[in-house]
Structures are given as C-alpha cells and as structure tokens.
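The next block is data.cif, given as mmCIF, C-alpha atoms.
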```cif
data_my_file
loop_
_atom_site.group_PDB
_atom_site.id
_atom_site.type_symbol
_atom_site.label_atom_id
_atom_site.label_comp_id
_atom_site.auth_asym_id
_atom_site.auth_seq_id
_atom_site.Cartn_x
_atom_site.Cartn_y
_atom_site.Cartn_z
ATOM 1 C CA LYS A 31 -232.480 9.160 40.231
ATOM 2 C CA LYS A 32 -232.029 6.838 43.222
ATOM 3 C CA PHE A 33 -230.508 9.744 45.204
ATOM 4 C CA VAL A 34 -233.506 11.984 44.436
ATOM 5 C CA THR A 35 -235.994 9.229 45.385
ATOM 6 C CA GLU A 36 -234.303 8.440 48.707
ATOM 7 C CA ASN A 37 -234.041 12.100 49.656
ATOM 8 C CA GLY A 38 -237.625 12.715 48.609
ATOM 9 C CA MET A 39 -238.840 9.871 50.865
ATOM 10 C CA ARG A 40 -236.695 11.148 53.720
ATOM 11 C CA CYS A 41 -238.158 14.656 53.369
ATOM 12 C CA LEU A 42 -241.701 13.250 53.242
ATOM 13 C CA LEU A 43 -241.162 11.234 56.433
ATOM 14 C CA GLU A 44 -239.638 14.240 58.182
ATOM 15 C CA TYR A 45 -242.539 16.466 57.068
ATOM 16 C CA THR A 46 -245.061 13.874 58.315
ATOM 17 C CA ARG A 47 -243.321 13.645 61.685
ATOM 18 C CA VAL A 48 -243.322 17.454 62.106
ATOM 19 C CA VAL A 49 -247.004 17.731 61.171
ATOM 20 C CA PHE A 50 -247.930 14.910 63.553
ATOM 21 C CA GLY A 51 -245.906 16.524 66.325
ATOM 22 C CA LEU A 52 -247.633 19.892 65.866
ATOM 23 C CA TRP A 53 -251.032 18.183 65.747
ATOM 24 C CA SER A 54 -250.231 16.316 68.978
ATOM 25 C CA VAL A 55 -249.319 19.568 70.748
ATOM 26 C CA TRP A 56 -252.550 21.189 69.551
ATOM 27 C CA TRP A 57 -254.572 18.153 70.669
ATOM 28 C CA TYR A 58 -253.024 18.209 74.132
ATOM 29 C CA VAL A 59 -253.442 21.962 74.610
ATOM 30 C CA CYS A 60 -256.770 22.565 72.872
ATOM 31 C CA GLY A 61 -258.697 19.364 72.470
ATOM 32 C CA GLY A 62 -257.863 15.981 73.932
ATOM 33 C CA GLY A 63 -256.995 16.821 77.498
ATOM 34 C CA SER A 64 -255.216 14.463 79.872
ATOM 35 C CA ALA A 65 -255.784 12.509 83.083
ATOM 36 C CA GLY A 66 -258.723 10.706 81.482
ATOM 37 C CA LEU A 67 -260.799 13.899 81.219
ATOM 38 C CA GLY A 68 -261.820 13.319 77.612
ATOM 39 C CA ASP A 69 -264.326 16.060 76.718
ATOM 40 C CA CYS A 70 -264.887 17.052 80.363
ATOM 41 C CA ARG A 71 -264.051 20.690 81.038
ATOM 42 C CA LYS A 72 -266.082 21.179 84.225
ATOM 43 C CA LEU A 73 -266.005 18.727 87.120
ATOM 44 C CA ARG A 74 -268.030 18.129 90.256
ATOM 45 C CA PHE A 75 -266.137 16.314 93.006
ATOM 46 C CA LEU A 76 -268.055 13.516 94.738
ATOM 47 C CA HIS A 77 -266.700 12.854 98.241
ATOM 48 C CA CYS A 78 -266.636 9.070 98.660
ATOM 49 C CA GLY A 79 -265.728 8.365 102.296
ATOM 50 C CA LYS A 80 -262.282 6.944 103.215
ATOM 51 C CA SER A 81 -260.877 7.624 99.751
ATOM 52 C CA ALA A 82 -258.647 10.683 100.289
ATOM 53 C CA GLY A 83 -261.616 13.030 99.991
ATOM 54 C CA GLY A 84 -260.318 15.232 102.822
ATOM 55 C CA THR A 85 -257.034 15.706 100.973
ATOM 56 C CA VAL A 86 -258.785 16.578 97.714
ATOM 57 C CA LEU A 87 -261.117 19.088 99.374
ATOM 58 C CA ALA A 88 -258.214 20.753 101.217
ATOM 59 C CA VAL A 89 -256.275 21.113 97.940
ATOM 60 C CA LEU A 90 -259.311 22.529 96.112
ATOM 61 C CA GLU A 91 -259.854 25.107 98.844
ATOM 62 C CA GLU A 92 -256.243 26.291 98.485
ATOM 63 C CA HIS A 93 -256.477 26.915 94.736
ATOM 64 C CA HIS A 94 -258.622 28.960 92.365
ATOM 65 C CA VAL A 95 -260.870 26.274 90.901
ATOM 66 C CA LYS A 96 -264.151 28.207 90.745
ATOM 67 C CA GLY A 97 -265.916 27.717 87.428
ATOM 68 C CA LYS A 98 -263.925 24.560 86.697
ATOM 69 C CA ILE A 99 -264.392 22.265 89.720
ATOM 70 C CA ALA A 100 -267.458 22.336 91.963
ATOM 71 C CA PHE A 101 -267.184 20.729 95.406
ATOM 72 C CA ALA A 102 -268.757 20.625 98.854
ATOM 73 C CA HIS A 103 -268.028 18.952 102.210
ATOM 74 C CA ASP A 104 -270.932 16.581 101.733
ATOM 75 C CA HIS A 105 -270.754 12.780 101.603
ATOM 76 C CA GLY A 106 -274.303 12.744 100.267
ATOM 77 C CA MET A 107 -273.528 14.441 96.944
ATOM 78 C CA THR A 108 -273.980 11.933 94.102
ATOM 79 C CA SER A 109 -274.148 11.902 90.313
ATOM 80 C CA ARG A 110 -277.690 13.260 90.637
ATOM 81 C CA ASN A 111 -276.096 16.562 91.665
ATOM 82 C CA VAL A 112 -273.862 16.604 88.576
ATOM 83 C CA LEU A 113 -275.107 19.148 86.040
ATOM 84 C CA ALA A 114 -275.462 18.321 82.351
ATOM 85 C CA SER A 115 -272.423 20.517 81.608
ATOM 86 C CA GLU A 116 -270.282 18.712 84.213
ATOM 87 C CA CYS A 117 -268.542 15.379 84.714
ATOM 88 C CA ALA A 118 -268.289 13.538 88.017
ATOM 89 C CA TRP A 119 -264.848 13.359 89.622
ATOM 90 C CA ILE A 120 -264.303 10.625 92.190
ATOM 91 C CA VAL A 121 -261.310 8.984 93.885
ATOM 92 C CA VAL A 122 -261.198 5.208 93.528
ATOM 93 C CA ARG A 123 -259.688 2.978 96.211
ATOM 94 C CA ASN A 124 -259.450 -0.802 96.366
ATOM 95 C CA PRO A 125 -262.925 -1.757 97.720
ATOM 96 C CA VAL A 126 -261.591 -4.110 100.402
ATOM 97 C CA ASP A 127 -259.109 -1.497 101.649
ATOM 98 C CA ARG A 128 -261.833 1.112 101.742
ATOM 99 C CA PHE A 129 -264.227 -1.200 103.635
ATOM 100 C CA VAL A 130 -261.611 -2.013 106.280
ATOM 101 C CA SER A 131 -260.683 1.657 106.674
ATOM 102 C CA ALA A 132 -264.352 2.641 107.011
ATOM 103 C CA PHE A 133 -264.957 -0.049 109.635
ATOM 104 C CA LEU A 134 -261.979 1.079 111.727
ATOM 105 C CA TYR A 135 -262.929 4.751 111.420
ATOM 106 C CA ARG A 136 -266.485 4.151 112.585
ATOM 107 C CA ARG A 137 -265.318 1.821 115.362
ATOM 108 C CA GLU A 138 -262.995 4.516 116.709
ATOM 109 C CA LYS A 139 -265.960 6.892 116.811
ATOM 110 C CA SER A 140 -268.073 4.214 118.490
ATOM 111 C CA ALA A 141 -265.481 3.858 121.264
ATOM 112 C CA LYS A 142 -265.951 7.577 121.947
ATOM 113 C CA LYS A 143 -269.728 7.028 122.011
ATOM 114 C CA SER A 144 -270.237 9.538 119.204
ATOM 115 C CA LEU A 145 -272.342 7.195 117.049
ATOM 116 C CA PRO A 146 -276.029 6.209 117.137
ATOM 117 C CA LYS A 147 -276.856 3.383 119.562
ATOM 118 C CA GLU A 148 -277.699 1.026 116.688
ATOM 119 C CA GLU A 149 -274.191 1.363 115.256
ATOM 120 C CA GLN A 150 -272.539 1.009 118.671
ATOM 121 C CA ASP A 151 -274.474 -2.229 119.201
ATOM 122 C CA SER A 152 -273.144 -3.504 115.864
ATOM 123 C CA PHE A 153 -269.545 -2.998 116.987
ATOM 124 C CA ARG A 154 -270.212 -4.855 120.227
ATOM 125 C CA ARG A 155 -271.626 -7.724 118.183
ATOM 126 C CA PHE A 156 -268.808 -7.631 115.602
ATOM 127 C CA PRO A 157 -265.714 -6.192 117.351
ATOM 128 C CA SER A 158 -263.316 -6.849 114.443
ATOM 129 C CA VAL A 159 -263.579 -6.394 110.720
ATOM 130 C CA ASN A 160 -262.952 -10.110 110.210
ATOM 131 C CA ALA A 161 -265.778 -11.093 112.577
ATOM 132 C CA LEU A 162 -268.110 -8.935 110.496
ATOM 133 C CA ALA A 163 -266.761 -10.157 107.150
ATOM 134 C CA GLU A 164 -267.015 -13.843 108.070
ATOM 135 C CA SER A 165 -270.669 -13.368 109.102
ATOM 136 C CA LEU A 166 -271.892 -11.584 105.954
ATOM 137 C CA PHE A 167 -273.011 -14.840 104.305
ATOM 138 C CA SER A 168 -273.412 -17.064 107.353
ATOM 139 C CA GLU A 169 -275.754 -20.037 107.063
ATOM 140 C CA ASP A 170 -277.326 -18.831 110.300
ATOM 141 C CA LYS A 171 -279.969 -16.369 109.131
ATOM 142 C CA THR A 172 -279.892 -14.325 112.358
ATOM 143 C CA ILE A 173 -276.103 -13.877 112.219
ATOM 144 C CA ARG A 174 -276.200 -13.137 108.477
ATOM 145 C CA LEU A 175 -278.884 -10.459 108.799
ATOM 146 C CA SER A 176 -277.163 -8.900 111.823
ATOM 147 C CA ALA A 177 -273.891 -8.618 109.889
ATOM 148 C CA GLN A 178 -275.543 -7.148 106.815
ATOM 149 C CA MET A 179 -277.520 -4.665 108.909
ATOM 150 C CA ALA A 180 -274.259 -3.666 110.622
ATOM 151 C CA VAL A 181 -272.806 -2.806 107.209
ATOM 152 C CA TRP A 182 -275.884 -0.884 106.131
ATOM 153 C CA SER A 183 -276.011 1.061 109.384
ATOM 154 C CA GLY A 184 -272.436 2.370 108.963
ATOM 155 C CA LYS A 185 -272.171 5.802 107.341
ATOM 156 C CA HIS A 186 -269.217 4.891 105.107
ATOM 157 C CA THR A 187 -269.650 1.131 104.694
ATOM 158 C CA ASN A 188 -273.194 1.608 103.391
ATOM 159 C CA ARG A 189 -272.158 3.963 100.579
ATOM 160 C CA ASP A 190 -270.296 2.226 97.783
ATOM 161 C CA LEU A 191 -269.326 3.570 94.361
ATOM 162 C CA ARG A 192 -272.784 2.724 93.022
ATOM 163 C CA PHE A 193 -274.274 5.105 95.591
ATOM 164 C CA TYR A 194 -272.182 7.960 94.197
ATOM 165 C CA LEU A 195 -272.088 7.197 90.477
ATOM 166 C CA LYS A 196 -275.522 5.567 89.987
ATOM 167 C CA THR A 197 -275.808 4.805 86.255
ATOM 168 C CA LEU A 198 -273.529 7.597 85.041
ATOM 169 C CA PRO A 199 -271.708 6.451 81.853
ATOM 170 C CA PRO A 200 -267.880 6.182 82.006
ATOM 171 C CA ALA A 201 -267.553 9.047 79.487
ATOM 172 C CA ARG A 202 -268.857 11.416 82.176
ATOM 173 C CA ILE A 203 -266.640 10.064 84.973
ATOM 174 C CA VAL A 204 -263.139 11.220 85.882
ATOM 175 C CA ALA A 205 -261.502 8.702 88.220
ATOM 176 C CA SER A 206 -258.406 9.377 90.323
ATOM 177 C CA ARG A 207 -256.306 6.839 92.192
ATOM 178 C CA PHE A 208 -256.195 6.810 95.994
ATOM 179 C CA CYS A 209 -252.573 5.638 95.912
ATOM 180 C CA CYS A 210 -251.418 8.562 93.744
ATOM 181 C CA ILE A 211 -253.916 11.275 94.580
ATOM 182 C CA LEU A 212 -251.541 14.278 94.559
ATOM 183 C CA GLU A 213 -250.096 13.234 91.196
ATOM 184 C CA ASP A 214 -253.584 12.773 89.741
ATOM 185 C CA ILE A 215 -254.776 16.146 91.064
ATOM 186 C CA SER A 216 -251.780 17.754 89.324
ATOM 187 C CA GLN A 217 -252.759 16.114 86.032
ATOM 188 C CA ILE A 218 -256.348 17.339 86.363
ATOM 189 C CA PHE A 219 -255.178 20.869 87.190
ATOM 190 C CA ASP A 220 -252.902 20.793 84.143
ATOM 191 C CA ALA A 221 -255.741 19.653 81.885
ATOM 192 C CA LEU A 222 -258.040 22.398 83.196
ATOM 193 C CA ASP A 223 -255.333 25.110 83.207
ATOM 194 C CA ILE A 224 -255.541 25.603 86.979
ATOM 195 C CA PRO A 225 -252.271 27.111 88.314
ATOM 196 C CA TYR A 226 -250.707 25.419 91.325
ATOM 197 C CA GLY A 227 -247.011 26.324 91.403
ATOM 198 C CA ARG A 228 -244.257 23.745 91.128
ATOM 199 C CA ARG A 229 -246.240 20.827 92.571
ATOM 200 C CA ILE A 230 -249.259 19.885 94.655
ATOM 201 C CA ARG A 231 -248.326 19.400 98.302
ATOM 202 C CA GLN A 232 -250.045 17.367 100.988
ATOM 203 C CA PRO A 233 -252.226 19.927 102.813
ATOM 204 C CA PRO A 234 -251.252 20.499 106.454
ATOM 205 C CA GLY A 235 -253.806 19.596 109.084
ATOM 206 C CA VAL A 236 -255.570 16.893 107.042
ATOM 207 C CA TRP A 237 -256.510 14.306 109.630
ATOM 208 C CA HIS A 238 -255.762 10.669 108.919
ATOM 209 C CA ASN A 239 -257.316 7.807 110.829
ATOM 210 C CA VAL A 240 -254.590 5.851 112.631
ATOM 211 C CA SER A 241 -256.025 2.876 114.431
ATOM 212 C CA SER A 242 -254.477 1.440 117.580
ATOM 213 C CA ALA A 243 -255.903 -1.991 116.742
ATOM 214 C CA SER A 244 -253.638 -5.027 117.023
ATOM 215 C CA THR A 245 -252.353 -6.874 113.950
ATOM 216 C CA ARG A 246 -254.485 -9.875 114.803
ATOM 217 C CA ASP A 247 -257.541 -7.664 115.098
ATOM 218 C CA LEU A 248 -256.897 -6.303 111.609
ATOM 219 C CA THR A 249 -256.204 -9.695 110.039
ATOM 220 C CA LEU A 250 -258.637 -11.098 107.481
ATOM 221 C CA SER A 251 -259.145 -14.823 107.124
ATOM 222 C CA ARG A 252 -259.524 -16.304 103.680
ATOM 223 C CA LEU A 253 -263.251 -16.673 104.366
ATOM 224 C CA GLY A 254 -263.497 -13.058 105.522
ATOM 225 C CA TYR A 255 -261.643 -11.811 102.463
ATOM 226 C CA ALA A 256 -263.691 -13.961 100.096
ATOM 227 C CA ASN A 257 -266.908 -12.696 101.705
ATOM 228 C CA LEU A 258 -265.818 -9.074 101.284
ATOM 229 C CA LEU A 259 -265.027 -9.694 97.619
ATOM 230 C CA LYS A 260 -268.511 -11.155 97.203
ATOM 231 C CA TRP A 261 -270.161 -8.306 99.135
ATOM 232 C CA LEU A 262 -268.246 -5.662 97.168
ATOM 233 C CA GLN A 263 -268.698 -7.323 93.763
ATOM 234 C CA HIS A 264 -270.704 -4.406 92.356
ATOM 235 C CA ASP A 265 -267.854 -1.992 93.146
ATOM 236 C CA ILE A 266 -265.343 -4.428 91.657
ATOM 237 C CA ASP A 267 -267.406 -4.632 88.464
ATOM 238 C CA LEU A 268 -267.754 -0.848 88.293
ATOM 239 C CA ILE A 269 -264.005 -0.297 88.727
ATOM 240 C CA ALA A 270 -263.303 -2.970 86.110
ATOM 241 C CA SER A 271 -265.554 -1.083 83.682
ATOM 242 C CA LEU A 272 -263.591 2.122 84.360
ATOM 243 C CA VAL A 273 -260.363 0.250 83.625
ATOM 244 C CA ARG A 274 -261.786 -1.067 80.349
ATOM 245 C CA ALA A 275 -262.961 2.442 79.432
ATOM 246 C CA GLY A 276 -259.445 3.810 79.964
ATOM 247 C CA LYS A 277 -260.456 5.863 83.014
ATOM 248 C CA LEU A 278 -257.988 3.988 85.263
ATOM 249 C CA PRO A 279 -254.641 2.470 84.246
ATOM 250 C CA LYS A 280 -255.246 -0.698 86.299
ATOM 251 C CA PHE A 281 -257.286 -2.080 89.160
ATOM 252 C CA PRO A 282 -256.343 -0.370 92.468
ATOM 253 C CA PRO A 283 -253.816 -2.502 94.396
ATOM 254 C CA TYR A 284 -254.707 -4.189 97.669
ATOM 255 C CA GLU A 285 -252.613 -2.709 100.487
ATOM 256 C CA GLY A 286 -254.664 -3.732 103.500
ATOM 257 C CA PRO A 287 -254.350 -6.098 106.469
ATOM 258 C CA PRO A 288 -252.597 -9.470 106.371
ATOM 259 C CA PHE A 289 -254.348 -12.809 105.994
ATOM 260 C CA TRP A 290 -254.316 -16.052 107.880
ATOM 261 C CA ASP A 291 -255.184 -19.540 106.646
ATOM 262 C CA ASP A 292 -258.125 -20.980 108.585
ATOM 263 C CA THR A 293 -257.198 -24.523 107.621
ATOM 264 C CA GLU A 294 -253.781 -24.338 109.282
ATOM 265 C CA GLY A 295 -254.584 -23.152 112.764
ATOM 266 C CA GLY A 296 -254.299 -19.445 112.066
ATOM 267 C CA LEU A 297 -250.956 -19.604 110.266
ATOM 268 C CA ASP A 298 -250.066 -16.159 108.923
ATOM 269 C CA ILE A 299 -249.387 -15.759 105.223
ATOM 270 C CA THR A 300 -247.579 -12.836 103.698
ATOM 271 C CA ILE A 301 -249.016 -9.810 101.926
ATOM 272 C CA ARG A 302 -247.308 -11.075 98.775
ATOM 273 C CA ASP A 303 -249.304 -14.309 99.039
ATOM 274 C CA ALA A 304 -252.459 -12.317 99.722
ATOM 275 C CA LYS A 305 -251.907 -10.219 96.604
ATOM 276 C CA LEU A 306 -251.386 -13.409 94.610
ATOM 277 C CA VAL A 307 -254.739 -14.721 95.862
ATOM 278 C CA GLN A 308 -256.355 -11.446 94.787
ATOM 279 C CA GLN A 309 -254.646 -11.499 91.399
ATOM 280 C CA ILE A 310 -255.853 -15.042 90.722
ATOM 281 C CA HIS A 311 -259.382 -14.056 91.751
ATOM 282 C CA TYR A 312 -259.530 -11.038 89.417
ATOM 283 C CA ASN A 313 -257.854 -12.835 86.537
ATOM 284 C CA GLN A 314 -260.427 -15.601 86.760
ATOM 285 C CA SER A 315 -263.473 -13.394 87.234
ATOM 286 C CA LYS A 316 -262.692 -10.182 85.326
ATOM 287 C CA GLY A 317 -259.504 -10.580 83.381
ATOM 288 C CA VAL A 318 -258.242 -7.202 84.619
ATOM 289 C CA LEU A 319 -256.218 -5.920 87.548
#
```
Could you spell out this file's structure in structure tokens?
Amino acid sequence: KKFVTENGMRCLLEYTRVVFGLWSVWWYVCGGGSAGLGDCRKLRFLHCGKSAGGTVLAVLEEHHVKGKIAFAHDHGMTSRNVLASECAWIVVRNPVDRFVSAFLYRREKSAKKSLPKEEQDSFRRFPSVNALAESLFSEDKTIRLSAQMAVWSGKHTNRDLRFYLKTLPPARIVASRFCCILEDISQIFDALDIPYGRRIRQPPGVWHNVSSASTRDLTLSRLGYANLLKWLQHDIDLIASLVRAGKLPKFPPYEGPPFWDDTEGGLDITIRDAKLVQQIHYNQSKGVL
C-alpha cells in the first residue's frame, strides 16, 4: 500500500511538471511574449536623442520589420503618433549620462557653427556641462534663467522621456536598455518572430559622438550632479515607474564623467565613489536602482 501511494504521488508530480512545461512553451510561443512586450504585437519606435537611436534605426532598416515595427528618422515622433493597435518602443539611458552626451554633441556642432545663434551664445556662456549644471538653480535669477534657457534651447537636452511618452501607461511601453541595446533588440525580434540570423550585429557606419574635451571639462562637481538629478527628476520618476512595472530589470547605471569634491579644492573622487553617491540618492528617494 505504501509502495502504491509513493509511486502514485511520484507519477502525479511528474505529470504536473510535464503539463506545466508544455503550458510554459505554449505561453512563450503563443501568448506571453518576452522582452517586456506583454500583449504588444506591433511597435512604433520613438527616437529619443543620444540613446542609441541611430543603432536601432540602422538595424531596423536591415531587417524585414514591416507590419510589426513602425519607425522613422524623426526625433519629433512621440506617443501621440502611436496608433491604438501599437505600443511605444523607446531606449532608456541613465538621464544624467544622456544629458551630458547631448550637451557635448550640441557643443561639437556649435564649434562648427552649424547651430542657431541662440544656442551658440549659450555655449559661450556655459562652455562646460558642469558650468551649466551648477547654474541651473543659482540664487542669481539672471544666471538661473540663462542656464535653464540654454537647456530648453538645445535640441536634445530639451526633450526628455516625458516629451516622448507623455501620459502613456506602462502597459503600452516597451523599454530597451542603452547599455545592452543589441541584446534587447534580439529579444524583441524573437518575441515578434522577426528573423535576424545568428545574432544582431552593430551596424557599420553608425556614427558615434567622440568628444575631444578634456577630463576636467567633462567632470561634474557634486553640486552640478545634484542639480542635474533635480532637473531630471521627472525622467528619474518615469524610469522608476517602468522598473516597478517590470519593463526594465533595474535603473540604468551611471557611466558618465568623474566627479570632484568642491569642499576639498577640486579633489577627484573615483567613479566607484560617484556610483555610491548615486545609489544612496536613489535608495533614499525611490527605493529602486
């Protein structure tokens, strides 16, 4: 009797495991999707500047995505362009990293005099990203307004995630990570049954902004960094909501310029220390990374 009972339980457990396994395969292939797509089966890519958009667009042009992913070389496309049958797809980058990259990109163009006069004047007034960041909340009203107008006059710095996503609910957003963009594109292609061969490769000819700025020029002071966190708080909140909704595995890491401590005569601190400062900030304010 004991032998029959034990074997019966063993068979029941084995049967349950097989059924669950088959159900999981069906869910992956037919229903649940992957890469945080949820119920999304048609996407519209929103090109947020300085967030690997050029790479994504180049990959999409190389593959047969028509009918599954809509895209255009247009930084002005927002969630308002997303049809009711579509979900928005956007690449998420650490907001501070993205701000610094956008500043350097526009400054390079300003040096070539290929920007409007208003924006060129802003770079003469704030020649480094730290000079701009430290002035964003200056007690001097003239300096504060000049710094904020400089941000709003920049094509990339004036368009944050809110500009692109508006009030779109997380269920209709597919978020990819800047740090792992090729891997995330592969997951999306898999979920949408888009063939791509053995793996997604970095497209040739995609231009990357490489600044010739000095290390000191790229350095953020603690005040500059704190001001950028304050200025970019809406993006930080939005990304945190995507993390909570399971659209991102964690908050995008900070990989940007080094810091110096204003209270110690410009003493450099390491990136590891800078990341610790960031981690403490997010743990205290949001509870997520």
Find the residues of segment 89-173 of chain A that sit at most 12 Å from segment 255-275 of chain A; for each, write down the nearest two atoms and how far apart they are in Å, to one decimal. Count only C-alpha atoms. Sort by chain, then by number going up, and give it as CSV.
```
residue,atom,partner,partner_atom,distance
A:Ile120,CA,A:Ile269,CA,11.5
A:Val121,CA,A:Ile269,CA,11.0
A:Val122,CA,A:Ile269,CA,7.8
A:Arg123,CA,A:Ile269,CA,9.2
A:Asn124,CA,A:Ile266,CA,8.4
A:Pro125,CA,A:Leu262,CA,6.6
A:Val126,CA,A:Leu258,CA,6.6
A:Asp127,CA,A:Leu258,CA,10.1
A:Arg128,CA,A:Leu262,CA,10.4
A:Phe129,CA,A:Leu258,CA,8.4
A:Val130,CA,A:Leu258,CA,9.6
A:Val159,CA,A:Leu258,CA,10.1
A:Asn160,CA,A:Tyr255,CA,8.0
A:Ala161,CA,A:Tyr255,CA,11.0
A:Leu162,CA,A:Leu258,CA,9.5
A:Ala163,CA,A:Asn257,CA,6.0
A:Glu164,CA,A:Asn257,CA,6.5
A:Ser165,CA,A:Asn257,CA,8.3
A:Leu166,CA,A:Asn257,CA,6.6
A:Phe167,CA,A:Asn257,CA,7.0
A:Ser168,CA,A:Asn257,CA,9.7
```
Resulting file, chosen residues, C-alpha atoms, as a CSV table (one decimal), keeping the file's coordinate frame:
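What landed in part.csv:
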```
chain,number,residue,atom,x,y,z
A,120,ILE,CA,-264.3,10.6,92.2
A,121,VAL,CA,-261.3,9.0,93.9
A,122,VAL,CA,-261.2,5.2,93.5
A,123,ARG,CA,-259.7,3.0,96.2
A,124,ASN,CA,-259.4,-0.8,96.4
A,125,PRO,CA,-262.9,-1.8,97.7
A,126,VAL,CA,-261.6,-4.1,100.4
A,127,ASP,CA,-259.1,-1.5,101.6
A,128,ARG,CA,-261.8,1.1,101.7
A,129,PHE,CA,-264.2,-1.2,103.6
A,130,VAL,CA,-261.6,-2.0,106.3
A,159,VAL,CA,-263.6,-6.4,110.7
A,160,ASN,CA,-263.0,-10.1,110.2
A,161,ALA,CA,-265.8,-11.1,112.6
A,162,LEU,CA,-268.1,-8.9,110.5
A,163,ALA,CA,-266.8,-10.2,107.2
A,164,GLU,CA,-267.0,-13.8,108.1
A,165,SER,CA,-270.7,-13.4,109.1
A,166,LEU,CA,-271.9,-11.6,106.0
A,167,PHE,CA,-273.0,-14.8,104.3
A,168,SER,CA,-273.4,-17.1,107.4
```
Mind checking which residues fall within 6 Å of segment 95-99 of chain A, counting all atoms listed in the file, ignoring those fewer than 3 positions away in the same chain, and posting them as a PDB file with C-alpha atoms, in the frame of the given file?
```pdb
ATOM      1  CA  LYS A  72    -266.082  21.179  84.225  1.00  0.00           C
ATOM      2  CA  LEU A  73    -266.005  18.727  87.120  1.00  0.00           C
ATOM      3  CA  ARG A  74    -268.030  18.129  90.256  1.00  0.00           C
TER       4      ARG A  74
END
```
Chain and number of each residue from the PyMOL selection byres ((chain A and resi 202-205) around 7), as a VMD selection string: chain A and resid 66 to 67 117 to 122 198 to 201 206 to 207 277 to 278
Between atom CA of Cys209 of chain A and atom CA of Phe281 of chain A, measure the distance and give it in Å to one decimal. 11.3 Å
So, counting all atoms listed in the file, which residue among A:Thr85, A:Ser144, A:Ser115, A:Ser109 is closest to Ile230 of chain A? A:Thr85
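Straight-line separation from atom CA of Asp220 of chain A to atom CA of Leu87 of chain A: 17.4 Å.
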For the structure provided, state which residues fall under the PyMOL selection byres ((chain A and resi 229) around 12), and present them as a ChimeraX atom specification. /A:89,212-217,219-220,224-228,230-233
Determine the nearest neighbour of Ser131 of chain A from the options A:Arg189, A:Lys80, A:Lys280, A:Arg252, counting all atoms listed in the file. A:Lys80
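Pairwise distance (atom CA of Tyr135 of chain A, atom CA of Asp170 of chain A) equals 27.7 Å.
Residue membership of the PyMOL selection byres ((chain A and resi 188) around 12) in the shown file amounts to Cys78, Gly79, His105, Gly106, Arg128, Phe129, Ala132, Phe133, Arg136, Glu149, Gln178, Met179, Ala180, Val181, Trp182, Ser183, Gly184, Lys185, His186, Thr187, Arg189, Asp190, Leu191, Arg192, Phe193, Tyr194, Trp261 and Leu262 of chain A.
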Taking every listed atom of segment 156-170 of chain A and adding 5 Å to each side, what centre and edge lengths in Å (one decimal) does the axis-aligned box have, as JSON?
```
{"center_x": -270.1, "center_y": -13.1, "center_z": 110.8, "size_x": 24.4, "size_y": 23.8, "size_z": 23.0}
```
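Nearest-residue note for Ser140 of chain A: choosing from A:Pro234, A:Gly83, A:Gly276, A:Pro157, the minimum distance belongs to A:Pro157, counting only C-alpha atoms.
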What lies within 8 Å of Ala102 of chain A using all atoms listed in the file, ignoring chain neighbours under 2 positions off, as a list of chain:residue names? A:Phe75, A:Leu87, A:Ala100, A:Asp104
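Counting only C-alpha atoms, the residue from A:Leu195, A:Ala88, A:Ile211, A:Leu175 that sits nearest to Leu76 of chain A is A:Leu195.
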Smallest atom-to-atom distance to Phe208 of chain A: which of A:Arg155, A:Pro282, A:Lys142, A:Leu253, using all atoms listed in the file? A:Pro282
N, CA, C and O atoms modelled onto segment 247-258 of chain A, as a JSON list (two decimals), keeping the file's coordinate frame:
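Produced file rebuild31.json, reproduced below:
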```json
[["chain", "number", "residue", "atom", "x", "y", "z"],
["A", 247, "ASP", "N", -256.21, -8.24, 115.22],
["A", 247, "ASP", "CA", -257.54, -7.66, 115.10],
["A", 247, "ASP", "C", -257.81, -7.20, 113.68],
["A", 247, "ASP", "O", -258.94, -7.21, 113.21],
["A", 248, "LEU", "N", -256.74, -6.80, 112.98],
["A", 248, "LEU", "CA", -256.90, -6.30, 111.61],
["A", 248, "LEU", "C", -256.82, -7.42, 110.58],
["A", 248, "LEU", "O", -257.11, -7.19, 109.40],
["A", 249, "THR", "N", -256.43, -8.61, 110.99],
["A", 249, "THR", "CA", -256.20, -9.70, 110.04],
["A", 249, "THR", "C", -257.52, -10.21, 109.45],
["A", 249, "THR", "O", -258.51, -10.36, 110.14],
["A", 250, "LEU", "N", -257.50, -10.49, 108.16],
["A", 250, "LEU", "CA", -258.64, -11.10, 107.48],
["A", 250, "LEU", "C", -258.34, -12.56, 107.20],
["A", 250, "LEU", "O", -257.26, -12.90, 106.71],
["A", 251, "SER", "N", -259.28, -13.43, 107.52],
["A", 251, "SER", "CA", -259.14, -14.82, 107.12],
["A", 251, "SER", "C", -259.49, -14.95, 105.65],
["A", 251, "SER", "O", -260.03, -14.02, 105.03],
["A", 252, "ARG", "N", -259.18, -16.10, 105.09],
["A", 252, "ARG", "CA", -259.52, -16.30, 103.68],
["A", 252, "ARG", "C", -261.04, -16.22, 103.48],
["A", 252, "ARG", "O", -261.51, -15.69, 102.47],
["A", 253, "LEU", "N", -261.79, -16.75, 104.45],
["A", 253, "LEU", "CA", -263.25, -16.67, 104.37],
["A", 253, "LEU", "C", -263.71, -15.22, 104.45],
["A", 253, "LEU", "O", -264.57, -14.78, 103.67],
["A", 254, "GLY", "N", -263.12, -14.46, 105.38],
["A", 254, "GLY", "CA", -263.50, -13.06, 105.52],
["A", 254, "GLY", "C", -263.20, -12.27, 104.26],
["A", 254, "GLY", "O", -264.02, -11.46, 103.80],
["A", 255, "TYR", "N", -262.03, -12.51, 103.69],
["A", 255, "TYR", "CA", -261.64, -11.81, 102.46],
["A", 255, "TYR", "C", -262.55, -12.20, 101.30],
["A", 255, "TYR", "O", -263.01, -11.34, 100.54],
["A", 256, "ALA", "N", -262.82, -13.49, 101.18],
["A", 256, "ALA", "CA", -263.69, -13.96, 100.10],
["A", 256, "ALA", "C", -265.09, -13.37, 100.24],
["A", 256, "ALA", "O", -265.72, -12.98, 99.24],
["A", 257, "ASN", "N", -265.59, -13.28, 101.48],
["A", 257, "ASN", "CA", -266.91, -12.70, 101.70],
["A", 257, "ASN", "C", -266.95, -11.22, 101.33],
["A", 257, "ASN", "O", -267.94, -10.73, 100.78],
["A", 258, "LEU", "N", -265.86, -10.50, 101.64],
["A", 258, "LEU", "CA", -265.82, -9.07, 101.28],
["A", 258, "LEU", "C", -265.79, -8.90, 99.77],
["A", 258, "LEU", "O", -266.44, -8.00, 99.22]]
```
